[in-house]
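Here the structure comes first, spelled out in structure tokens, and everything after it is commentary.
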Amino acid sequence: MNIGVIAIQGNIEEHIHALSHAMKKEGINGRIIPIKHRGIVPRCDGIVIPGGESTTLCRLMKREGIDIEIKDAAQKKKPILATCAGLIAIAKKGGREAEETNQELLGIIDLEVERNAFGRQRESFETEVAISFLEEPYNAVFIRAPRITRVGKDVEIIATLNNSEVIAVKEKNIIALSFHPELTDDTRIHQYYIKLINQQP
Ligand code: GLN
């Protein structure tokens with residue numbers, strides 16, 4: 001199993017760390033490959049797009065030609081895990097801030113998002129949430145998190161905050177989270193993602 005982590009910007013090492021622990025726990029042998037340039041995404045069975053700063057992330061993915069490769073991987077139904085800024089990068093539509101900064105989003109998941117929507121007081125917080133595929137609650141870390149303002153009809157909601165705010169979704173093999181699973185020692189989400197890759201034909 002080859003998992004590519006887009007290594008342009010953001011929490012790259014943290015995702016690599018979480019993935020390698022998750023692989024061990026699942027008893028799966030595989031490689032985790034940091035991706036900075038084009039040509040590697042097509043050789044990966046799954047792609048992780050970390051959080052960070054979505055404007056920079058989008059700009060550099062486009063410059064490197066990785067954006068097209070990710071779109072192609074999504075079409076081939078390769079499992080993709082996108083977190084925080086990664087979620088913004090793959091959404092169909094950004095809100096006012098995205099428009100003002102001319103963000104070119106990948107549009108591979110039918111979501112509309114608003115960047116930095118939780119406001120200053122709550123720029124960073126953590127809270128326990130229920131995630132549909134996990135039996136026990138998960139401590140989710142939010143850092144200047146985006147808000148999901150519209151969810152397409154084929155998109156499954158897998159977690160909410162206070163029963164209202166959508167914070168995690170899945171469409172086909174794409175999982176998008178507005179929080180940071182790579183910043184805790186709890187690897188259950190990465191384990192679920194690895195199992196998803198393992199189930200692919
Ligand atoms: N606020 C960041 C952005 O827009 C995302 C924050 C994060 O990934 N932690 O792009």
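Residue numbering restarts at 1 in every chain; chains get A, B, ... in the order shown in the structure tokens, and ligands count up from 1 in that same order.
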
Produce a table with one row for each residue of chain A that has an atom at most 7 Å from any atom of ligand 1, each row naming the nearest atom pair and its distance in Å at one decimal; use only C-alpha atoms and all ligand atoms; arrange rows by chain and rising residue number; format as a tab-separated table.
```
residue	atom	partner	partner_atom_place_in_ligand_line	distance
A:Gly51	CA	ligand 1	8 (O)	3.5
A:Gly52	CA	ligand 1	8 (O)	3.9
A:Glu53	CA	ligand 1	10 (O)	3.8
A:Ser54	CA	ligand 1	10 (O)	3.7
A:Thr55	CA	ligand 1	10 (O)	6.1
A:Thr83	CA	ligand 1	8 (O)	6.9
A:Cys84	CA	ligand 1	8 (O)	4.2
A:Ala85	CA	ligand 1	8 (O)	3.8
A:Gly86	CA	ligand 1	8 (O)	6.8
A:Ile88	CA	ligand 1	10 (O)	6.9
A:Arg115	CA	ligand 1	4 (O)	5.0
A:Asn116	CA	ligand 1	1 (N)	4.8
A:Ile143	CA	ligand 1	9 (N)	4.6
A:Arg144	CA	ligand 1	1 (N)	4.6
A:Ala145	CA	ligand 1	6 (C)	5.2
A:Pro146	CA	ligand 1	5 (C)	6.5
```

*So which bits of chain A end up strand (DSSP E or B) when you DSSP the backbone, as an NGL selection string?*
:A and (2-6 or 31-35 or 46-49 or 80-83 or 91-94 or 109-114 or 124-129 or 138-143 or 147-151 or 156-161 or 165-171 or 174-177)

*Contacts of range 166-179 of chain A at 7 Å or less, counting only C-alpha atoms, minus same-chain residues fewer than 4 places along, as a ChimeraX atom specification?*
/A:77-84,87,109,140-142,145-146,148,154-161

For Phe133 in chain A, work out the shell of residues within 9 Å, counting only C-alpha atoms and skipping chain neighbours fewer than 2 positions away, then give it as a PDB file with N, CA, C and O atoms, in the first residue's frame.
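For reference, result_10.pdb as written:
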```pdb
ATOM      1  N   ALA A 130     -18.998  12.752  18.193  1.00  0.00           N
ATOM      2  CA  ALA A 130     -19.341  11.388  17.778  1.00  0.00           C
ATOM      3  C   ALA A 130     -19.115  11.286  16.275  1.00  0.00           C
ATOM      4  O   ALA A 130     -19.569  12.143  15.524  1.00  0.00           O
ATOM      5  N   ILE A 131     -18.386  10.260  15.855  1.00  0.00           N
ATOM      6  CA  ILE A 131     -18.148  10.056  14.429  1.00  0.00           C
ATOM      7  C   ILE A 131     -18.810   8.740  14.038  1.00  0.00           C
ATOM      8  O   ILE A 131     -18.668   7.731  14.748  1.00  0.00           O
ATOM      9  N   GLU A 135     -16.893   3.777  17.482  1.00  0.00           N
ATOM     10  CA  GLU A 135     -17.797   3.397  18.569  1.00  0.00           C
ATOM     11  C   GLU A 135     -17.746   4.388  19.733  1.00  0.00           C
ATOM     12  O   GLU A 135     -18.760   4.678  20.349  1.00  0.00           O
ATOM     13  N   ILE A 158     -20.816  12.591   8.487  1.00  0.00           N
ATOM     14  CA  ILE A 158     -20.343  11.576   9.435  1.00  0.00           C
ATOM     15  C   ILE A 158     -20.088  12.124  10.844  1.00  0.00           C
ATOM     16  O   ILE A 158     -19.883  11.357  11.757  1.00  0.00           O
ATOM     17  N   ILE A 189      -9.121   7.476  13.198  1.00  0.00           N
ATOM     18  CA  ILE A 189      -9.583   7.972  11.895  1.00  0.00           C
ATOM     19  C   ILE A 189      -8.611   7.540  10.799  1.00  0.00           C
ATOM     20  O   ILE A 189      -9.032   7.087   9.725  1.00  0.00           O
ATOM     21  N   TYR A 192      -9.257   3.912  10.089  1.00  0.00           N
ATOM     22  CA  TYR A 192     -10.444   3.737   9.242  1.00  0.00           C
ATOM     23  C   TYR A 192     -10.094   4.034   7.779  1.00  0.00           C
ATOM     24  O   TYR A 192     -10.479   3.305   6.866  1.00  0.00           O
TER      25      TYR A 192
END
```

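Reported to one decimal place, the separation of CA of Ile32 in chain A from CA of Val5 in chain A is 7.1 Å.
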
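Distances from A:Tyr138, A:Thr149, A:Ile16, A:Arg63 to Arg96 in chain A were compared using only C-alpha atoms, and the smallest one belongs to A:Thr149.
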
*asked:* With DSSP run on the backbone, what are the helix (DSSP H, G or I) residues within chain A? I'd like them as a PyMOL selection string.
replied: chain A and resi 12-26+41-43+54-64+66-75+85-90+96-100+181-183+188-198

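With CA of Met61 in chain A on one side and CA of Arg38 in chain A on the other, the separation reads 8.9 Å.
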
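Rounded to one decimal, CA of Gln199 in chain A and CA of Leu105 in chain A lie 28.2 Å from each other.
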